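coords_23.cif (mmCIF, C-alpha atoms and all ligand atoms) appears below.
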data_upload
#
loop_
_atom_site.label_atom_id
_atom_site.label_comp_id
_atom_site.auth_asym_id
_atom_site.auth_seq_id
_atom_site.Cartn_x
_atom_site.Cartn_y
_atom_site.Cartn_z
CA GLU A 1 32.77 2.41 20.13
CA PRO A 2 30.24 3.62 17.47
CA GLU A 3 32.51 2.77 14.49
CA ALA A 4 32.50 -0.90 15.55
CA TYR A 5 28.69 -0.86 15.80
CA GLN A 6 28.44 0.75 12.33
CA ARG A 7 30.85 -1.82 10.87
CA GLU A 8 28.84 -4.69 12.36
CA PHE A 9 25.56 -3.19 11.08
CA ASP A 10 27.02 -2.76 7.57
CA ALA A 11 28.35 -6.36 7.62
CA LYS A 12 24.89 -7.68 8.58
CA ILE A 13 23.25 -5.68 5.75
CA ASP A 14 25.89 -6.90 3.26
CA ARG A 15 25.33 -10.51 4.41
CA GLY A 16 21.57 -10.09 3.97
CA ASP A 17 20.92 -10.73 7.66
CA PHE A 18 17.84 -9.29 9.39
CA ILE A 19 18.26 -6.27 11.64
CA GLU A 20 16.13 -6.88 14.74
CA PRO A 21 14.57 -4.28 17.10
CA LYS A 22 17.22 -4.76 19.80
CA ASP A 23 20.15 -4.47 17.35
CA TRP A 24 22.17 -1.26 17.05
CA MET A 25 21.07 0.70 13.95
CA PRO A 26 21.95 4.11 12.46
CA GLU A 27 19.38 6.77 13.45
CA GLY A 28 18.63 7.38 9.74
CA TYR A 29 17.79 3.70 9.24
CA ARG A 30 15.35 3.82 12.16
CA LYS A 31 13.77 7.06 10.95
CA THR A 32 13.23 6.00 7.34
CA LEU A 33 11.71 2.69 8.50
CA ILE A 34 9.30 4.50 10.83
CA ARG A 35 8.42 6.78 7.90
CA GLN A 36 7.84 3.96 5.38
CA ILE A 37 6.20 1.37 7.66
CA SER A 38 3.83 3.89 9.30
CA GLN A 39 2.81 5.29 5.89
CA HIS A 40 2.27 1.76 4.66
CA ALA A 41 0.03 1.12 7.70
CA HIS A 42 -1.87 4.39 7.08
CA SER A 43 -2.39 3.26 3.46
CA GLU A 44 -3.94 -0.03 4.57
CA VAL A 45 -6.36 1.65 6.98
CA VAL A 46 -7.33 4.53 4.67
CA GLY A 47 -7.67 1.91 1.88
CA MET A 48 -10.62 0.40 3.78
CA LEU A 49 -12.69 3.53 3.06
CA PRO A 50 -13.12 3.43 -0.75
CA GLU A 51 -13.86 -0.31 -0.67
CA GLY A 52 -16.02 -0.21 2.47
CA ASN A 53 -18.27 2.19 0.56
CA TRP A 54 -19.63 -0.79 -1.43
CA ILE A 55 -20.14 -3.40 1.33
CA THR A 56 -23.83 -2.47 1.79
CA ARG A 57 -24.34 -2.32 -1.99
CA ALA A 58 -22.58 -5.49 -3.17
CA PRO A 59 -24.76 -7.20 -5.86
CA THR A 60 -24.88 -10.63 -4.15
CA LEU A 61 -24.32 -12.12 -0.69
CA LYS A 62 -21.21 -13.89 -2.04
CA ARG A 63 -19.67 -10.62 -3.27
CA LYS A 64 -20.61 -8.92 0.02
CA ALA A 65 -18.91 -11.68 2.04
CA ILE A 66 -15.76 -11.49 -0.11
CA LEU A 67 -15.60 -7.70 0.15
CA LEU A 68 -16.17 -7.81 3.93
CA ALA A 69 -13.29 -10.29 4.27
CA LYS A 70 -11.02 -8.12 2.12
CA VAL A 71 -11.71 -4.89 4.02
CA GLN A 72 -11.23 -6.75 7.31
CA ASP A 73 -7.86 -8.06 5.98
CA GLU A 74 -6.75 -4.49 5.17
CA GLY A 75 -7.52 -3.46 8.75
CA GLY A 76 -5.44 -6.39 9.98
CA HIS A 77 -2.57 -5.44 7.66
CA GLY A 78 -2.68 -1.97 9.16
CA LEU A 79 -2.41 -3.40 12.69
CA TYR A 80 0.56 -5.67 11.76
CA LEU A 81 2.34 -2.70 10.22
CA TYR A 82 1.64 -0.27 13.10
CA ALA A 83 2.95 -2.99 15.44
CA ALA A 84 6.08 -3.39 13.27
CA ALA A 85 6.61 0.40 13.34
CA GLU A 86 6.20 0.46 17.14
CA THR A 87 9.19 -1.93 17.50
CA LEU A 88 11.27 1.09 16.37
CA GLY A 89 10.31 3.11 19.44
CA VAL A 90 7.26 5.12 18.39
CA SER A 91 3.75 4.93 19.88
CA ARG A 92 0.52 4.26 18.01
CA THR A 93 -0.81 7.65 19.10
CA GLU A 94 2.23 9.45 17.64
CA LEU A 95 1.75 7.61 14.33
CA ILE A 96 -1.98 8.35 14.09
CA GLU A 97 -1.45 11.98 15.02
CA ALA A 98 1.17 12.30 12.25
CA LEU A 99 -1.46 11.02 9.78
CA LEU A 100 -4.24 13.27 11.06
CA SER A 101 -2.00 16.35 11.10
CA GLY A 102 -1.05 15.71 7.44
CA LYS A 103 2.61 15.22 8.43
CA ALA A 104 2.53 11.55 7.38
CA LYS A 105 1.39 10.31 3.99
CA TYR A 106 -0.72 7.40 2.83
CA SER A 107 -0.83 5.92 -0.68
CA SER A 108 -2.08 8.35 -3.33
CA ILE A 109 -4.28 5.63 -4.80
CA PHE A 110 -6.88 5.94 -2.02
CA ASN A 111 -7.74 9.53 -2.89
CA TYR A 112 -9.96 8.51 -5.80
CA PRO A 113 -13.71 7.76 -5.56
CA THR A 114 -15.24 4.30 -6.11
CA LEU A 115 -18.08 5.34 -8.44
CA THR A 116 -19.50 1.95 -9.50
CA TRP A 117 -19.40 -1.72 -8.46
CA ALA A 118 -16.82 -2.34 -11.22
CA ASP A 119 -14.39 -0.13 -9.24
CA VAL A 120 -14.28 -2.78 -6.53
CA GLY A 121 -13.13 -5.43 -9.03
CA VAL A 122 -10.67 -3.06 -10.71
CA ILE A 123 -9.20 -2.09 -7.33
CA GLY A 124 -8.68 -5.79 -6.54
CA TRP A 125 -7.10 -6.43 -9.96
CA LEU A 126 -4.95 -3.30 -10.40
CA VAL A 127 -4.45 -1.75 -6.94
CA ASP A 128 -3.92 -5.01 -5.04
CA GLY A 129 -1.96 -6.30 -8.05
CA ALA A 130 0.37 -3.28 -7.80
CA ALA A 131 0.55 -3.64 -4.02
CA ILE A 132 1.66 -7.28 -4.38
CA MET A 133 4.39 -6.27 -6.87
CA ASN A 134 5.65 -3.74 -4.37
CA GLN A 135 5.27 -5.94 -1.29
CA ILE A 136 6.92 -9.18 -2.50
CA PRO A 137 10.42 -7.61 -2.49
CA LEU A 138 9.61 -6.13 0.96
CA CYS A 139 9.47 -9.72 2.30
CA LYS A 140 13.27 -9.53 1.91
CA CYS A 141 13.58 -6.13 3.58
CA SER A 142 16.54 -5.96 5.97
CA TYR A 143 14.36 -5.02 8.96
CA GLY A 144 13.04 -8.30 10.47
CA PRO A 145 9.64 -7.23 11.84
CA TYR A 146 8.69 -5.51 8.55
CA ALA A 147 9.81 -8.43 6.36
CA ARG A 148 7.91 -10.95 8.52
CA ALA A 149 4.73 -8.81 8.47
CA MET A 150 5.02 -8.68 4.66
CA VAL A 151 5.15 -12.48 4.30
CA ARG A 152 1.78 -12.79 6.02
CA ILE A 153 0.28 -9.80 4.19
CA CYS A 154 1.35 -11.00 0.72
CA LYS A 155 -0.56 -14.25 1.20
CA GLU A 156 -3.80 -12.35 1.78
CA GLU A 157 -3.13 -9.78 -0.98
CA SER A 158 -2.99 -12.50 -3.65
CA PHE A 159 -6.54 -13.55 -2.64
CA HIS A 160 -7.56 -9.85 -2.95
CA GLN A 161 -6.16 -9.61 -6.46
CA ARG A 162 -7.69 -12.89 -7.63
CA GLN A 163 -11.18 -12.12 -6.33
CA GLY A 164 -11.09 -8.72 -8.06
CA TYR A 165 -10.03 -10.14 -11.41
CA GLU A 166 -12.56 -13.00 -11.16
CA SER A 167 -15.44 -10.59 -10.51
CA LEU A 168 -14.42 -8.60 -13.62
CA LEU A 169 -14.25 -11.78 -15.71
CA VAL A 170 -17.87 -12.52 -14.71
CA MET A 171 -18.98 -9.02 -15.69
CA MET A 172 -17.08 -9.11 -19.01
CA ARG A 173 -18.19 -12.61 -19.96
CA GLU A 174 -21.78 -12.72 -18.66
CA GLY A 175 -22.59 -9.06 -18.13
CA THR A 176 -24.84 -6.76 -20.11
CA PRO A 177 -23.29 -4.19 -22.47
CA GLU A 178 -23.80 -1.59 -19.70
CA GLN A 179 -21.86 -3.76 -17.22
CA LYS A 180 -19.03 -4.23 -19.72
CA ALA A 181 -18.92 -0.47 -20.26
CA MET A 182 -18.86 -0.03 -16.46
CA VAL A 183 -15.71 -2.19 -16.24
CA GLN A 184 -14.00 -0.32 -19.08
CA ASP A 185 -14.86 3.03 -17.44
CA ALA A 186 -13.36 1.86 -14.12
CA VAL A 187 -10.17 0.65 -15.90
CA ASN A 188 -9.89 4.06 -17.61
CA ARG A 189 -10.06 5.83 -14.24
CA TRP A 190 -7.76 3.54 -12.23
CA TRP A 191 -4.98 2.63 -14.68
CA TRP A 192 -2.75 5.71 -14.38
CA PRO A 193 -3.24 6.17 -10.59
CA ALA A 194 -2.24 2.49 -10.20
CA LEU A 195 1.05 3.16 -12.05
CA MET A 196 1.67 6.12 -9.73
CA MET A 197 1.44 3.82 -6.66
CA PHE A 198 5.04 2.73 -7.32
CA GLY A 199 6.28 6.23 -6.52
CA PRO A 200 8.06 8.92 -8.54
CA PRO A 201 10.57 8.09 -11.28
CA ASP A 202 13.86 6.76 -9.89
CA SER A 203 15.53 10.02 -10.94
CA GLU A 204 13.22 11.91 -8.53
CA SER A 205 13.05 9.30 -5.78
CA VAL A 206 14.84 11.01 -2.86
CA HIS A 207 14.84 7.93 -0.63
CA SER A 208 15.74 5.20 -3.13
CA PRO A 209 19.57 5.36 -3.09
CA GLN A 210 19.85 5.14 0.71
CA SER A 211 16.91 2.70 1.02
CA MET A 212 18.57 0.39 -1.49
CA ARG A 213 21.94 0.66 0.28
CA TRP A 214 20.20 -0.34 3.54
CA GLY A 215 18.38 -3.28 1.94
CA ILE A 216 14.96 -1.68 2.60
CA LYS A 217 14.12 -1.12 -1.07
CA ARG A 218 15.24 -4.18 -3.08
CA VAL A 219 13.78 -3.14 -6.49
CA SER A 220 13.50 0.43 -7.82
CA ASN A 221 10.21 2.31 -8.36
CA ASP A 222 10.57 2.28 -12.17
CA GLU A 223 11.59 -1.38 -12.35
CA LEU A 224 8.56 -2.49 -10.29
CA ARG A 225 6.26 -0.23 -12.33
CA GLN A 226 7.57 -1.83 -15.56
CA LYS A 227 7.12 -5.33 -14.08
CA PHE A 228 3.52 -4.46 -13.20
CA VAL A 229 2.77 -3.18 -16.73
CA ASP A 230 4.34 -6.27 -18.32
CA ALA A 231 2.25 -8.59 -16.11
CA THR A 232 -1.02 -6.64 -16.43
CA VAL A 233 -1.29 -6.00 -20.19
CA PRO A 234 -1.88 -9.72 -21.00
CA GLN A 235 -4.48 -9.89 -18.18
CA ALA A 236 -6.31 -6.93 -19.75
CA GLU A 237 -6.34 -8.80 -23.08
CA VAL A 238 -7.89 -11.90 -21.48
CA LEU A 239 -10.44 -9.64 -19.79
CA GLY A 240 -11.27 -7.92 -23.06
CA VAL A 241 -10.68 -4.37 -21.80
CA THR A 242 -8.38 -1.77 -23.36
CA LEU A 243 -5.86 0.13 -21.22
CA PRO A 244 -6.09 3.94 -21.60
CA ASP A 245 -2.62 4.46 -23.04
CA PRO A 246 -2.20 4.83 -26.84
CA HIS A 247 1.61 4.43 -26.42
CA LEU A 248 1.31 0.97 -24.81
CA LYS A 249 3.17 -1.39 -27.14
CA TRP A 250 5.40 -4.49 -26.81
CA ASN A 251 9.03 -3.58 -27.52
CA PRO A 252 10.91 -6.78 -28.56
CA GLU A 253 14.33 -5.08 -28.21
CA ARG A 254 13.62 -4.21 -24.58
CA GLY A 255 11.57 -7.32 -23.83
CA HIS A 256 9.09 -5.02 -22.09
CA TYR A 257 5.99 -2.97 -22.92
CA ASP A 258 6.68 0.67 -23.76
CA PHE A 259 4.09 2.94 -22.17
CA GLY A 260 3.16 6.60 -22.28
CA PRO A 261 4.30 9.46 -20.02
CA ILE A 262 2.83 9.62 -16.49
CA ASN A 263 1.25 12.89 -15.36
CA TRP A 264 3.58 13.55 -12.39
CA LYS A 265 1.97 16.92 -11.70
CA ALA A 266 -1.30 15.08 -10.97
CA PHE A 267 0.67 12.67 -8.71
CA TRP A 268 2.22 15.45 -6.60
CA ASP A 269 -1.13 17.32 -6.51
CA VAL A 270 -2.83 14.25 -5.02
CA ILE A 271 0.03 13.69 -2.57
CA ASN A 272 -0.13 17.32 -1.49
CA GLY A 273 -3.79 16.93 -0.54
CA HIS A 274 -5.57 18.06 -3.71
CA GLY A 275 -6.93 14.70 -4.91
CA PRO A 276 -10.68 14.12 -5.39
CA CYS A 277 -11.14 12.49 -1.96
CA ASN A 278 -8.29 13.63 0.30
CA ARG A 279 -10.56 15.78 2.48
CA ASP A 280 -13.17 13.02 2.88
CA ARG A 281 -10.55 10.41 3.72
CA MET A 282 -8.95 12.56 6.42
CA ALA A 283 -12.35 13.61 7.82
CA ALA A 284 -13.35 9.92 8.07
CA ARG A 285 -10.09 9.03 9.84
CA ARG A 286 -10.40 11.99 12.22
CA ARG A 287 -14.00 11.05 13.07
CA ALA A 288 -13.00 7.42 13.69
CA TRP A 289 -10.17 8.55 16.01
CA GLU A 290 -12.45 10.89 17.98
CA GLU A 291 -15.40 8.46 18.18
CA GLY A 292 -13.03 5.66 19.24
CA ALA A 293 -11.52 7.67 22.14
CA TRP A 294 -13.91 6.12 24.70
CA VAL A 295 -12.79 2.60 23.64
CA ARG A 296 -9.11 3.50 24.17
CA GLU A 297 -9.89 5.10 27.56
CA ALA A 298 -11.92 2.06 28.66
CA ALA A 299 -9.15 -0.32 27.56
CA GLU A 300 -6.52 1.74 29.44
CA ALA A 301 -8.69 1.92 32.60
CA TYR A 302 -9.27 -1.81 32.42
CA ALA A 303 -5.53 -2.49 31.97
CA GLU A 304 -4.68 -0.21 34.93
CA LYS A 305 -7.21 -2.01 37.19
CA ALA A 306 -5.82 -5.39 36.09
CA ASN A 307 -2.26 -4.17 36.84
CA ARG A 308 -3.32 -2.85 40.27
CA ARG A 309 -4.99 -6.21 41.08
CA ALA A 310 -1.88 -8.07 39.91
CA THR A 311 0.43 -6.01 42.12
CA THR A 312 -1.70 -5.96 45.35
N1 LIG B 1 1.54 7.75 -2.46
C1 LIG B 1 1.91 8.65 -1.51
N2 LIG B 1 3.20 9.04 -1.31
C2 LIG B 1 4.12 8.49 -2.12
C3 LIG B 1 3.82 7.53 -3.10
C4 LIG B 1 2.45 7.17 -3.26
N3 LIG B 1 2.06 6.29 -4.17
N4 LIG B 1 4.98 7.17 -3.72
C5 LIG B 1 5.96 7.90 -3.13
N5 LIG B 1 5.45 8.68 -2.17
C6 LIG B 1 6.18 9.63 -1.34
C7 LIG B 1 7.17 8.94 -0.44
O1 LIG B 1 6.54 8.51 0.76
C8 LIG B 1 8.17 10.08 -0.21
O2 LIG B 1 7.60 11.04 0.67
P1 LIG B 1 8.04 11.08 2.24
O3 LIG B 1 9.51 11.38 2.26
O4 LIG B 1 7.20 12.17 2.85
O5 LIG B 1 7.72 9.71 2.80
C9 LIG B 1 8.20 10.77 -1.57
O6 LIG B 1 6.96 10.46 -2.21
C10 LIG B 1 9.38 10.39 -2.44
O7 LIG B 1 9.20 9.04 -2.88
P2 LIG B 1 10.39 7.98 -2.76
O8 LIG B 1 10.30 7.02 -3.92
O9 LIG B 1 11.69 8.68 -2.56
O10 LIG B 1 9.96 7.26 -1.38
P3 LIG B 1 10.17 5.71 -0.99
O11 LIG B 1 11.59 5.28 -1.18
O12 LIG B 1 9.59 5.60 0.36
O13 LIG B 1 9.30 4.89 -2.06
C11 LIG B 1 7.24 3.63 -1.89
C12 LIG B 1 7.88 5.02 -2.08
C13 LIG B 1 7.62 2.76 -3.08
C14 LIG B 1 5.70 3.77 -1.80
C15 LIG B 1 7.80 3.02 -0.60
O14 LIG B 1 7.57 3.91 0.47
C16 LIG B 1 7.17 1.68 -0.25
O15 LIG B 1 7.51 0.66 -0.81
N6 LIG B 1 6.25 1.69 0.76
C17 LIG B 1 5.68 0.45 1.23
C18 LIG B 1 4.55 0.03 0.35
C19 LIG B 1 3.34 0.91 0.49
O16 LIG B 1 3.30 1.86 1.23
N7 LIG B 1 2.32 0.53 -0.25
C20 LIG B 1 1.06 1.23 -0.19
C21 LIG B 1 0.23 0.65 -1.31
S1 LIG B 1 -1.40 0.54 -0.81
C22 LIG B 1 -1.50 -0.88 0.11
O17 LIG B 1 -0.51 -1.52 0.40
C23 LIG B 1 -2.83 -1.35 0.52
C24 LIG B 1 -3.15 -2.58 -0.32
O18 LIG B 1 -3.76 -3.51 0.55
C25 LIG B 1 -4.08 -2.26 -1.43
#

What would you get if you wrote out this structure as structure tokens?
Amino acid sequence: EPEAYQREFDAKIDRGDFIEPKDWMPEGYRKTLIRQISQHAHSEVVGMLPEGNWITRAPTLKRKAILLAKVQDEGGHGLYLYAAAETLGVSRTELIEALLSGKAKYSSIFNYPTLTWADVGVIGWLVDGAAIMNQIPLCKCSYGPYARAMVRICKEESFHQRQGYESLLVMMREGTPEQKAMVQDAVNRWWWPALMMFGPPDSESVHSPQSMRWGIKRVSNDELRQKFVDATVPQAEVLGVTLPDPHLKWNPERGHYDFGPINWKAFWDVINGHGPCNRDRMAARRRAWEEGAWVREAAEAYAEKANRRATT
């Protein structure tokens, strides 16, 4: 009877065992995983747009090759994550339609423009750096397919972060004064949106209590955000850039950096569709879905023919 299933599920979660697709799970567990994994996948695919914008304008063949590889990785991460979400009983079409209808979210960070080449390096350093912080604990998420996808994705993300930081080091150490100013300008624009990637403050995080009980969220939004700040401030010092927060200061009592207040109104505005690039991002995704329809139809027709041949 259902109580026995619930007890067994709870015991598995408490033991830190993986829940697998065929296991019994509470409907709420399934729903919140479909929500989070599909939005994570949407973030990866939408994230290809701001970076892809610079592939044809990368300053050298080496930088172009690195950026191509990175954007291609993001597409692959999206596919892993859509596939992980589909193990919970939803179809790819349903997930994409939820994105295109605005019902499903994608990470706020991708609603900002990439104005100069320095943005590409700063995205690698800060955005992929924040993504790694958030994704490492997800390798221990209680849902097996998601955790296993994360292990593979985290390996590629660390390359993304390193290549971004390295390209900024080159600009800061060998660049012209204009190039150094370009890096500082990009840091000024991306710093606060990167802190917002970790989600609202714990006090306003509607999903955190249940997600932590279910072993989906292992570390809270605020704790990960603090970890990211503590790790990134020394990197900014090595780089020779300043972070746009006058309150940023090491607090020996806390053993952490204190930092200034985050503009949560701006965060919710971006999430509710009013960021600088939301319209462009959705238009690009809608166009890709429409222009790709013939490929899906051809693949389905081909599969049907192959099935017919196999069964006659
Ligand atoms: N952007 C957009 N929406 C956000 C958000 C953000 N940065 N942070 C929170 N939200 C949304 C949540 O999705 C939720 O809305 P919903 O109920 O409609 O889904 C609402 O704000 C309340 O937030 P909660 O903290 O209660 O929600 P969660 O418990 O889901 O925590 C999260 C938010 C930490 C982002 C969590 O969903 C998570 O860890 N997701 C997986 C990681 C992820 O999606 N990362 C995207 C980063 S970009 C990326 O990975 C690409 C990389 O290659 C650069």

- prompt: Can you find the residues with an atom no farther than 9 Å from (-21.2, -3.8, -0.6), counting all atoms listed in the file, and report them as a ChimeraX atom specification?
  reply: /A:51-61,63-65,67-68,117

- Residues at most 8 Å from ligand LIG 1 (chain B), using all atoms listed in the file? Could they come as a ChimeraX atom specification? /A:32,35-37,39-41,43-45,47,74,77,103-110,123-124,127-128,130-132,134-135,138,157,196-202,204-208,211,217,220-221,267,271

Counting all atoms listed in the file, the residue among A:Pro246, A:Pro137, A:Pro26, A:Pro276 that lies closest to Leu88 (chain A) is A:Pro26

Against region 277-281 of chain A, which residues of region 46-113 of chain A fall within 8 Å? For each one I want the closest pair of atoms and the distance in Å (one decimal), counting only C-alpha atoms, rows by chain and increasing residue number, as a Markdown table.
| residue | atom | partner | partner_atom | distance |
| --- | --- | --- | --- | --- |
| A:Val46 | CA | A:Arg281 | CA | 6.8 |
| A:Leu49 | CA | A:Arg281 | CA | 7.2 |
| A:Phe110 | CA | A:Cys277 | CA | 7.8 |
| A:Asn111 | CA | A:Cys277 | CA | 4.6 |
| A:Tyr112 | CA | A:Cys277 | CA | 5.7 |
| A:Pro113 | CA | A:Cys277 | CA | 6.5 |

Next on the checklist: Given all atoms listed in the file as the basis, pick out the residue of A:Trp294, A:Tyr257, A:Trp24, A:Tyr143 nearest to Lys227 (chain A).
Outcome noted: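 Using all atoms listed in the file, the shortest distance to Lys227 (chain A) belongs to A:Tyr257.
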
Box time for region 138-152 of chain A: axis-aligned, enclosing all its listed atoms, 4 Å extra on each side; report centre and edge lengths in Å to one decimal, as lines of an AutoDock Vina configuration file.
center_x = 9.2
center_y = -8.9
center_z = 6.4
size_x = 22.8
size_y = 15.8
size_z = 18.9

Using all atoms listed in the file, determine which residues lie at most 7 Å from region 229-236 of chain A, disregarding the query and same-chain residues fewer than 5 positions distant; provide the list as a count of residues only. 4
